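J.: PDB, C-alpha atoms, file model-v5.pdb:
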ATOM      1  CA  SER A   1       0.000   0.000   0.000
ATOM      2  CA  THR A   2       0.986   3.657  -0.301
ATOM      3  CA  CYS A   3       1.310   3.947   3.475
ATOM      4  CA  PHE A   4       3.758   1.016   3.609
ATOM      5  CA  VAL A   5       5.858   2.490   0.776
ATOM      6  CA  LYS A   6       6.028   5.838   2.576
ATOM      7  CA  ILE A   7       7.045   4.187   5.862
ATOM      8  CA  LYS A   8       9.658   2.074   4.074
ATOM      9  CA  GLN A   9      11.086   5.180   2.368
ATOM     10  CA  GLU A  10      11.338   6.904   5.751
ATOM     11  CA  ALA A  11      13.072   3.854   7.227
ATOM     12  CA  MET A  12      15.560   3.908   4.352
ATOM     13  CA  LYS A  13      16.356   7.552   5.172
ATOM     14  CA  ILE A  14      16.889   6.681   8.832
ATOM     15  CA  ALA A  15      19.105   3.716   7.986
ATOM     16  CA  ALA A  16      21.105   5.913   5.601
ATOM     17  CA  LEU A  17      21.508   8.468   8.383
ATOM     18  CA  ILE A  18      22.852   5.800  10.700
ATOM     19  CA  VAL A  19      25.313   4.654   8.057
ATOM     20  CA  LEU A  20      26.494   8.226   7.499
ATOM     21  CA  LEU A  21      26.918   8.822  11.227
ATOM     22  CA  GLY A  22      29.180   5.847  11.695
ATOM     23  CA  THR A  23      27.047   3.110  13.196
ATOM     24  CA  ALA A  24      27.693   0.960  10.165
ATOM     25  CA  GLU A  25      31.410   1.647  10.496
ATOM     26  CA  ALA A  26      31.287   0.464  14.095
ATOM     27  CA  PHE A  27      29.845  -2.834  12.930
ATOM     28  CA  ASN A  28      31.809  -2.820   9.676
ATOM     29  CA  ALA A  29      28.655  -3.753   7.801
ATOM     30  CA  ALA A  30      25.715  -2.295   5.914
ATOM     31  CA  VAL A  31      22.513  -1.529   7.767
ATOM     32  CA  ARG A  32      19.263  -2.199   5.953
ATOM     33  CA  PRO A  33      15.760  -1.465   7.183
ATOM     34  CA  SER A  34      13.040  -4.053   7.434
ATOM     35  CA  PHE A  35       9.609  -4.284   8.992
ATOM     36  CA  THR A  36       9.002  -7.263  11.208
ATOM     37  CA  ARG A  37       6.690  -6.101  14.016
ATOM     38  CA  GLY A  38       3.887  -3.571  14.096
ATOM     39  CA  SER A  39       4.843  -0.080  13.024
ATOM     40  CA  ALA A  40       8.266   0.013  14.729
ATOM     41  CA  ILE A  41      11.172   0.619  12.410
ATOM     42  CA  HIS A  42      13.709  -2.188  12.398
ATOM     43  CA  ALA A  43      17.084  -2.468  10.733
ATOM     44  CA  GLU A  44      19.459  -5.341  10.202
ATOM     45  CA  ILE A  45      23.243  -5.340  10.008
ATOM     46  CA  GLY A  46      23.895  -6.896   6.624
ATOM     47  CA  GLU A  47      23.006 -10.581   6.454
ATOM     48  CA  THR A  48      24.159 -11.277  10.040
ATOM     49  CA  GLY A  49      20.754 -11.803  11.574
ATOM     50  CA  VAL A  50      21.517  -8.949  13.985
ATOM     51  CA  ALA A  51      18.324  -6.906  13.832
ATOM     52  CA  PHE A  52      17.507  -3.933  16.006
ATOM     53  CA  GLU A  53      14.949  -1.234  16.581
ATOM     54  CA  ASN A  54      16.771   0.697  19.326
ATOM     55  CA  VAL A  55      19.965   2.700  19.212
ATOM     56  CA  ALA A  56      21.936   4.036  22.145
ATOM     57  CA  ARG A  57      24.300   6.946  22.405
ATOM     58  CA  GLU A  58      26.880   6.090  25.021
ATOM     59  CA  TRP A  59      28.946   8.630  26.946
ATOM     60  CA  ARG A  60      31.755   7.174  29.014
ATOM     61  CA  CYS A  61      34.956   7.773  30.902
ATOM     62  CA  LYS A  62      37.283   6.172  33.396
ATOM     63  CA  TYR A  63      37.136   7.419  36.957
ATOM     64  CA  SER A  64      39.894   7.096  39.547
ATOM     65  CA  PRO A  65      39.601   4.991  42.689
ATOM     66  CA  GLY A  66      39.338   6.514  46.135
ATOM     67  CA  SER A  67      41.992   6.251  48.828
ATOM     68  CA  SER A  68      40.657   2.766  49.677
ATOM     69  CA  GLY A  69      41.609   1.649  46.180
ATOM     70  CA  GLY A  70      37.988   1.128  45.165
ATOM     71  CA  PRO A  71      34.935   3.036  44.006
ATOM     72  CA  GLY A  72      33.213   3.460  47.383
ATOM     73  CA  ASP A  73      35.146   6.585  48.316
ATOM     74  CA  SER A  74      35.988   7.814  44.804
ATOM     75  CA  ALA A  75      35.627  11.578  44.496
ATOM     76  CA  SER A  76      35.725  11.319  40.700
ATOM     77  CA  LEU A  77      32.889   8.746  40.628
ATOM     78  CA  LYS A  78      30.894  11.049  42.886
ATOM     79  CA  GLY A  79      31.604  13.888  40.434
ATOM     80  CA  CYS A  80      30.522  11.779  37.444
ATOM     81  CA  GLN A  81      27.261  10.944  39.193
ATOM     82  CA  ALA A  82      26.690  14.627  39.975
ATOM     83  CA  VAL A  83      27.032  15.469  36.264
ATOM     84  CA  LEU A  84      24.549  12.737  35.381
ATOM     85  CA  ASP A  85      22.141  13.942  38.071
ATOM     86  CA  GLU A  86      22.264  17.419  36.548
ATOM     87  CA  PHE A  87      21.522  16.189  33.014
ATOM     88  CA  LEU A  88      19.123  13.335  33.753
ATOM     89  CA  PRO A  89      15.904  15.404  33.568
ATOM     90  CA  LYS A  90      16.951  16.802  30.168
ATOM     91  CA  LEU A  91      17.911  13.367  28.867
ATOM     92  CA  LYS A  92      14.573  11.896  29.905
ATOM     93  CA  GLU A  93      12.826  14.582  27.843
ATOM     94  CA  LEU A  94      14.308  13.196  24.602
ATOM     95  CA  PRO A  95      11.591  11.398  22.594
ATOM     96  CA  GLY A  96      11.334   7.742  23.597
ATOM     97  CA  ALA A  97      14.523   7.926  25.680
ATOM     98  CA  LYS A  98      15.472   5.457  28.380
ATOM     99  CA  VAL A  99      18.643   6.287  30.279
ATOM    100  CA  THR A 100      20.907   3.668  31.817
ATOM    101  CA  ARG A 101      24.069   4.051  33.860
ATOM    102  CA  GLN A 102      26.751   1.397  34.124
ATOM    103  CA  VAL A 103      29.560   1.583  36.704
ATOM    104  CA  CYS A 104      32.330  -0.979  37.064
ATOM    105  CA  GLY A 105      34.267  -1.031  40.317
ATOM    106  CA  GLY A 106      36.999  -3.204  38.806
ATOM    107  CA  CYS A 107      37.907  -1.424  35.583
ATOM    108  CA  LEU A 108      36.604   1.954  36.832
ATOM    109  CA  ASP A 109      34.177   2.571  33.963
ATOM    110  CA  PHE A 110      31.411   5.153  34.203
ATOM    111  CA  LYS A 111      28.970   4.884  31.289
ATOM    112  CA  VAL A 112      25.677   6.528  30.441
ATOM    113  CA  SER A 113      23.535   5.120  27.620
ATOM    114  CA  ILE A 114      20.633   7.035  26.143
ATOM    115  CA  VAL A 115      18.504   4.438  24.368
ATOM    116  CA  GLN A 116      15.871   5.452  21.825
ATOM    117  CA  PRO A 117      13.814   3.762  19.149
ATOM    118  CA  LEU A 118      15.555   4.010  15.781
ATOM    119  CA  GLU A 119      13.228   6.681  14.428
ATOM    120  CA  GLU A 120      13.509   9.025  17.406
ATOM    121  CA  HIS A 121      17.250   8.467  17.671
ATOM    122  CA  GLY A 122      17.704   9.524  14.055
ATOM    123  CA  ALA A 123      16.334  12.989  14.779
ATOM    124  CA  TRP A 124      18.732  13.483  17.717
ATOM    125  CA  ALA A 125      21.660  12.102  15.705
ATOM    126  CA  ASP A 126      20.784  14.496  12.885
ATOM    127  CA  ALA A 127      21.318  17.337  15.384
ATOM    128  CA  ASP A 128      24.757  15.891  16.267
ATOM    129  CA  TYR A 129      23.376  15.013  19.727
ATOM    130  CA  GLU A 130      23.369  18.685  20.620
ATOM    131  CA  PRO A 131      23.247  20.557  22.770
ATOM    132  CA  LEU A 132      23.281  17.872  25.449
ATOM    133  CA  GLU A 133      26.284  15.806  24.394
ATOM    134  CA  SER A 134      28.875  18.552  24.176
ATOM    135  CA  GLU A 135      27.695  20.113  27.442
ATOM    136  CA  PHE A 136      27.650  16.770  29.265
ATOM    137  CA  MET A 137      31.053  15.691  27.966
ATOM    138  CA  GLU A 138      32.581  19.084  28.785
ATOM    139  CA  LYS A 139      31.389  18.791  32.395
ATOM    140  CA  LEU A 140      32.473  15.158  32.615
ATOM    141  CA  LYS A 141      35.959  16.084  31.396
ATOM    142  CA  ALA A 142      36.113  18.772  34.091
ATOM    143  CA  VAL A 143      35.655  16.165  36.843
ATOM    144  CA  GLU A 144      39.078  15.770  38.437
ATOM    145  CA  GLY A 145      40.387  12.217  38.217
ATOM    146  CA  THR A 146      38.519  11.213  35.051
ATOM    147  CA  SER A 147      40.136  10.169  31.779
ATOM    148  CA  LEU A 148      39.429   8.478  28.435
ATOM    149  CA  HIS A 149      36.263  10.455  27.708
ATOM    150  CA  GLU A 150      34.498   8.898  24.709
ATOM    151  CA  THR A 151      31.180   8.681  22.901
ATOM    152  CA  GLN A 152      29.780   5.842  20.825
ATOM    153  CA  GLU A 153      26.617   4.960  18.946
ATOM    154  CA  ILE A 154      25.537   1.329  19.370
ATOM    155  CA  THR A 155      22.479  -0.832  18.913
ATOM    156  CA  PHE A 156      20.672  -1.671  22.124
ATOM    157  CA  GLU A 157      18.161  -4.499  22.317
ATOM    158  CA  VAL A 158      16.433  -6.346  25.091
ATOM    159  CA  LEU A 159      16.349  -9.966  23.947
TER     160      LEU A 159
END
With the file now loaded, output its structure as structure tokens.
T.:
Amino acid sequence: STCFVKIKQEAMKIAALIVLLGTAEAFNAAVRPSFTRGSAIHAEIGETGVAFENVAREWRCKYSPGSSGGPGDSASLKGCQAVLDEFLPKLKELPGAKVTRQVCGGCLDFKVSIVQPLEEHGAWADADYEPLESEFMEKLKAVEGTSLHETQEITFEVL
């Protein structure tokens, strides 16, 4: 039907946007849209069988341990959490966004993932994740004791 063709064309634009923004480079494969459930937009990474409908933007850094040698008294981890606390209300306002935080006490990772359905994520990606990403990363970099500040776009599926 005409409606299906229009939706498929829109999905192709979104998949092309993801390819241009580097998601395909991260997986070293082509991303192609498909429709498998309801009206949600799905994409597949080449012929791998890896299909997804959600994309996450991850912001991460390493924090330094506290004087105990662990995370429990880490001033830099406390600073990372304070930055997240400041931005969390704004992140939750992004269309369809679910925010997760991952902290590893062993390798000292602090990660924030903003997960959105493919369609909604495409609009934020088109805006280069601004203004939130640059502001968040600037504040994260200012936290004393943090290093290796990075961003990444990845698929994110609950299986």
J.: Which is closer to Glu53 of chain A than all the others in A:Leu159, A:Ile41, A:Gly66, A:Gly96, using only C-alpha atoms?
T.: A:Ile41
J.: What's the 7 Å shell around Asp109 of chain A, counting all atoms listed in the file, without same-chain residues fewer than 6 positions away, as a tab-separated table (two decimals) with C-alpha atoms, keeping the file's coordinate frame?
T.:
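Full text of out.tsv as output:
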chain	number	residue	atom	x	y	z
A	61	CYS	CA	34.96	7.77	30.90
A	62	LYS	CA	37.28	6.17	33.40
A	63	TYR	CA	37.14	7.42	36.96
A	103	VAL	CA	29.56	1.58	36.70
J.: Which value, in Å to one decimal, gives the distance between atom CA of Lys111 of chain A and atom CA of Glu58 of chain A?
T.: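 Spanning atom CA of Lys111 of chain A to atom CA of Glu58 of chain A is a straight-line distance of 6.7 Å.
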J.: Which residues fall under the PyMOL selection byres ((chain A and resi 127-143) around 12) in this file, as a PyMOL selection string?
T.: chain A and resi 17-18+20-22+56-64+74-94+110-114+120-126+144-153
J.: Find the distance between atom CA of Glu157 of chain A and atom CA of His42 of chain A and write it in Å to one decimal.
T.: 11.1 Å
J.: By how many Å are atom CA of Thr48 of chain A and atom CA of Lys98 of chain A apart?
T.: 26.3 Å
J.: Where's the centre, and what are the edge lengths in Å to one decimal, of a box along x, y and z enclosing all listed atoms of segment 116-133 of chain A padded 5 Å per side, as JSON?
T.:
{"center_x": 19.8, "center_y": 12.2, "center_z": 19.2, "size_x": 23.1, "size_y": 26.8, "size_z": 22.6}
J.: Which of these, A:Cys104, A:Val99, A:Ala51, A:Ala43, has the shortest distance to Gln116 of chain A once you count all atoms listed in the file?
T.: A:Val99
J.: Limit the output to all heavy atoms and give segment 89-105 of chain A as a PDB file, in the first residue's frame.
T.:
ATOM      1  N   PRO A  89      17.234  14.919  33.984  1.00  0.00           N
ATOM      2  CA  PRO A  89      15.904  15.404  33.568  1.00  0.00           C
ATOM      3  C   PRO A  89      15.857  15.795  32.082  1.00  0.00           C
ATOM      4  O   PRO A  89      14.876  15.508  31.392  1.00  0.00           O
ATOM      5  CB  PRO A  89      15.669  16.624  34.460  1.00  0.00           C
ATOM      6  CG  PRO A  89      16.534  16.389  35.656  1.00  0.00           C
ATOM      7  CD  PRO A  89      17.756  15.682  35.130  1.00  0.00           C
ATOM      8  N   LYS A  90      16.914  16.409  31.585  1.00  0.00           N
ATOM      9  CA  LYS A  90      16.951  16.802  30.168  1.00  0.00           C
ATOM     10  C   LYS A  90      17.023  15.579  29.264  1.00  0.00           C
ATOM     11  O   LYS A  90      16.387  15.541  28.208  1.00  0.00           O
ATOM     12  CB  LYS A  90      18.159  17.708  29.900  1.00  0.00           C
ATOM     13  CG  LYS A  90      18.126  19.022  30.647  1.00  0.00           C
ATOM     14  CD  LYS A  90      19.426  19.776  30.431  1.00  0.00           C
ATOM     15  CE  LYS A  90      19.583  20.886  31.448  1.00  0.00           C
ATOM     16  NZ  LYS A  90      20.919  21.475  31.420  1.00  0.00           N
ATOM     17  N   LEU A  91      17.785  14.579  29.670  1.00  0.00           N
ATOM     18  CA  LEU A  91      17.911  13.367  28.867  1.00  0.00           C
ATOM     19  C   LEU A  91      16.591  12.622  28.785  1.00  0.00           C
ATOM     20  O   LEU A  91      16.226  12.103  27.732  1.00  0.00           O
ATOM     21  CB  LEU A  91      18.995  12.458  29.441  1.00  0.00           C
ATOM     22  CG  LEU A  91      20.419  12.989  29.341  1.00  0.00           C
ATOM     23  CD1 LEU A  91      21.377  12.111  30.138  1.00  0.00           C
ATOM     24  CD2 LEU A  91      20.853  13.095  27.896  1.00  0.00           C
ATOM     25  N   LYS A  92      15.861  12.591  29.884  1.00  0.00           N
ATOM     26  CA  LYS A  92      14.573  11.896  29.905  1.00  0.00           C
ATOM     27  C   LYS A  92      13.514  12.596  29.070  1.00  0.00           C
ATOM     28  O   LYS A  92      12.495  11.988  28.737  1.00  0.00           O
ATOM     29  CB  LYS A  92      14.089  11.730  31.344  1.00  0.00           C
ATOM     30  CG  LYS A  92      14.894  10.697  32.108  1.00  0.00           C
ATOM     31  CD  LYS A  92      14.331  10.512  33.505  1.00  0.00           C
ATOM     32  CE  LYS A  92      14.999   9.366  34.231  1.00  0.00           C
ATOM     33  NZ  LYS A  92      14.397   9.123  35.541  1.00  0.00           N
ATOM     34  N   GLU A  93      13.758  13.850  28.699  1.00  0.00           N
ATOM     35  CA  GLU A  93      12.826  14.582  27.843  1.00  0.00           C
ATOM     36  C   GLU A  93      13.007  14.235  26.366  1.00  0.00           C
ATOM     37  O   GLU A  93      12.138  14.552  25.554  1.00  0.00           O
ATOM     38  CB  GLU A  93      13.011  16.094  28.023  1.00  0.00           C
ATOM     39  CG  GLU A  93      12.513  16.599  29.359  1.00  0.00           C
ATOM     40  CD  GLU A  93      12.775  18.092  29.560  1.00  0.00           C
ATOM     41  OE1 GLU A  93      13.266  18.767  28.626  1.00  0.00           O
ATOM     42  OE2 GLU A  93      12.500  18.584  30.670  1.00  0.00           O
ATOM     43  N   LEU A  94      14.108  13.598  25.991  1.00  0.00           N
ATOM     44  CA  LEU A  94      14.308  13.196  24.602  1.00  0.00           C
ATOM     45  C   LEU A  94      13.227  12.192  24.218  1.00  0.00           C
ATOM     46  O   LEU A  94      12.882  11.316  25.021  1.00  0.00           O
ATOM     47  CB  LEU A  94      15.692  12.579  24.412  1.00  0.00           C
ATOM     48  CG  LEU A  94      16.876  13.524  24.524  1.00  0.00           C
ATOM     49  CD1 LEU A  94      18.186  12.733  24.615  1.00  0.00           C
ATOM     50  CD2 LEU A  94      16.912  14.478  23.335  1.00  0.00           C
ATOM     51  N   PRO A  95      12.685  12.291  23.003  1.00  0.00           N
ATOM     52  CA  PRO A  95      11.591  11.398  22.594  1.00  0.00           C
ATOM     53  C   PRO A  95      11.963   9.917  22.714  1.00  0.00           C
ATOM     54  O   PRO A  95      12.970   9.478  22.175  1.00  0.00           O
ATOM     55  CB  PRO A  95      11.358  11.783  21.126  1.00  0.00           C
ATOM     56  CG  PRO A  95      11.885  13.168  21.008  1.00  0.00           C
ATOM     57  CD  PRO A  95      13.035  13.262  21.968  1.00  0.00           C
ATOM     58  N   GLY A  96      11.157   9.181  23.465  1.00  0.00           N
ATOM     59  CA  GLY A  96      11.334   7.742  23.597  1.00  0.00           C
ATOM     60  C   GLY A  96      12.570   7.314  24.378  1.00  0.00           C
ATOM     61  O   GLY A  96      12.916   6.138  24.379  1.00  0.00           O
ATOM     62  N   ALA A  97      13.244   8.236  25.038  1.00  0.00           N
ATOM     63  CA  ALA A  97      14.523   7.926  25.680  1.00  0.00           C
ATOM     64  C   ALA A  97      14.381   7.137  26.971  1.00  0.00           C
ATOM     65  O   ALA A  97      13.501   7.399  27.782  1.00  0.00           O
ATOM     66  CB  ALA A  97      15.302   9.207  25.955  1.00  0.00           C
ATOM     67  N   LYS A  98      15.272   6.177  27.128  1.00  0.00           N
ATOM     68  CA  LYS A  98      15.472   5.457  28.380  1.00  0.00           C
ATOM     69  C   LYS A  98      16.957   5.610  28.693  1.00  0.00           C
ATOM     70  O   LYS A  98      17.805   5.378  27.837  1.00  0.00           O
ATOM     71  CB  LYS A  98      15.102   3.991  28.242  1.00  0.00           C
ATOM     72  CG  LYS A  98      13.621   3.792  28.007  1.00  0.00           C
ATOM     73  CD  LYS A  98      13.260   2.347  27.878  1.00  0.00           C
ATOM     74  CE  LYS A  98      11.770   2.241  27.604  1.00  0.00           C
ATOM     75  NZ  LYS A  98      11.380   0.910  27.239  1.00  0.00           N
ATOM     76  N   VAL A  99      17.264   6.007  29.900  1.00  0.00           N
ATOM     77  CA  VAL A  99      18.643   6.287  30.279  1.00  0.00           C
ATOM     78  C   VAL A  99      19.127   5.202  31.230  1.00  0.00           C
ATOM     79  O   VAL A  99      18.444   4.874  32.209  1.00  0.00           O
ATOM     80  CB  VAL A  99      18.770   7.677  30.940  1.00  0.00           C
ATOM     81  CG1 VAL A  99      20.224   7.983  31.283  1.00  0.00           C
ATOM     82  CG2 VAL A  99      18.198   8.756  30.016  1.00  0.00           C
ATOM     83  N   THR A 100      20.284   4.642  30.929  1.00  0.00           N
ATOM     84  CA  THR A 100      20.907   3.668  31.817  1.00  0.00           C
ATOM     85  C   THR A 100      22.292   4.166  32.215  1.00  0.00           C
ATOM     86  O   THR A 100      22.928   4.913  31.482  1.00  0.00           O
ATOM     87  CB  THR A 100      21.036   2.273  31.167  1.00  0.00           C
ATOM     88  OG1 THR A 100      21.912   2.352  30.050  1.00  0.00           O
ATOM     89  CG2 THR A 100      19.687   1.738  30.730  1.00  0.00           C
ATOM     90  N   ARG A 101      22.716   3.735  33.380  1.00  0.00           N
ATOM     91  CA  ARG A 101      24.069   4.051  33.860  1.00  0.00           C
ATOM     92  C   ARG A 101      24.734   2.735  34.214  1.00  0.00           C
ATOM     93  O   ARG A 101      24.131   1.879  34.864  1.00  0.00           O
ATOM     94  CB  ARG A 101      24.002   4.943  35.091  1.00  0.00           C
ATOM     95  CG  ARG A 101      25.392   5.312  35.641  1.00  0.00           C
ATOM     96  CD  ARG A 101      25.365   5.697  37.108  1.00  0.00           C
ATOM     97  NE  ARG A 101      24.828   4.599  37.893  1.00  0.00           N
ATOM     98  CZ  ARG A 101      23.930   4.747  38.857  1.00  0.00           C
ATOM     99  NH1 ARG A 101      23.463   5.923  39.190  1.00  0.00           N
ATOM    100  NH2 ARG A 101      23.483   3.690  39.533  1.00  0.00           N
ATOM    101  N   GLN A 102      25.986   2.581  33.790  1.00  0.00           N
ATOM    102  CA  GLN A 102      26.751   1.397  34.124  1.00  0.00           C
ATOM    103  C   GLN A 102      28.038   1.858  34.811  1.00  0.00           C
ATOM    104  O   GLN A 102      28.717   2.751  34.309  1.00  0.00           O
ATOM    105  CB  GLN A 102      27.124   0.586  32.881  1.00  0.00           C
ATOM    106  CG  GLN A 102      25.942   0.139  32.028  1.00  0.00           C
ATOM    107  CD  GLN A 102      25.502   1.183  31.020  1.00  0.00           C
ATOM    108  OE1 GLN A 102      26.312   1.790  30.341  1.00  0.00           O
ATOM    109  NE2 GLN A 102      24.208   1.401  30.929  1.00  0.00           N
ATOM    110  N   VAL A 103      28.347   1.258  35.964  1.00  0.00           N
ATOM    111  CA  VAL A 103      29.560   1.583  36.704  1.00  0.00           C
ATOM    112  C   VAL A 103      30.258   0.276  37.027  1.00  0.00           C
ATOM    113  O   VAL A 103      29.633  -0.652  37.542  1.00  0.00           O
ATOM    114  CB  VAL A 103      29.237   2.347  38.009  1.00  0.00           C
ATOM    115  CG1 VAL A 103      30.500   2.585  38.825  1.00  0.00           C
ATOM    116  CG2 VAL A 103      28.540   3.670  37.700  1.00  0.00           C
ATOM    117  N   CYS A 104      31.539   0.197  36.734  1.00  0.00           N
ATOM    118  CA  CYS A 104      32.330  -0.979  37.064  1.00  0.00           C
ATOM    119  C   CYS A 104      33.353  -0.593  38.126  1.00  0.00           C
ATOM    120  O   CYS A 104      34.141   0.339  37.917  1.00  0.00           O
ATOM    121  CB  CYS A 104      33.034  -1.531  35.826  1.00  0.00           C
ATOM    122  SG  CYS A 104      34.046  -2.984  36.214  1.00  0.00           S
ATOM    123  N   GLY A 105      33.323  -1.292  39.244  1.00  0.00           N
ATOM    124  CA  GLY A 105      34.267  -1.031  40.317  1.00  0.00           C
ATOM    125  C   GLY A 105      35.637  -1.622  40.057  1.00  0.00           C
ATOM    126  O   GLY A 105      36.612  -1.220  40.686  1.00  0.00           O
TER     127      GLY A 105
END
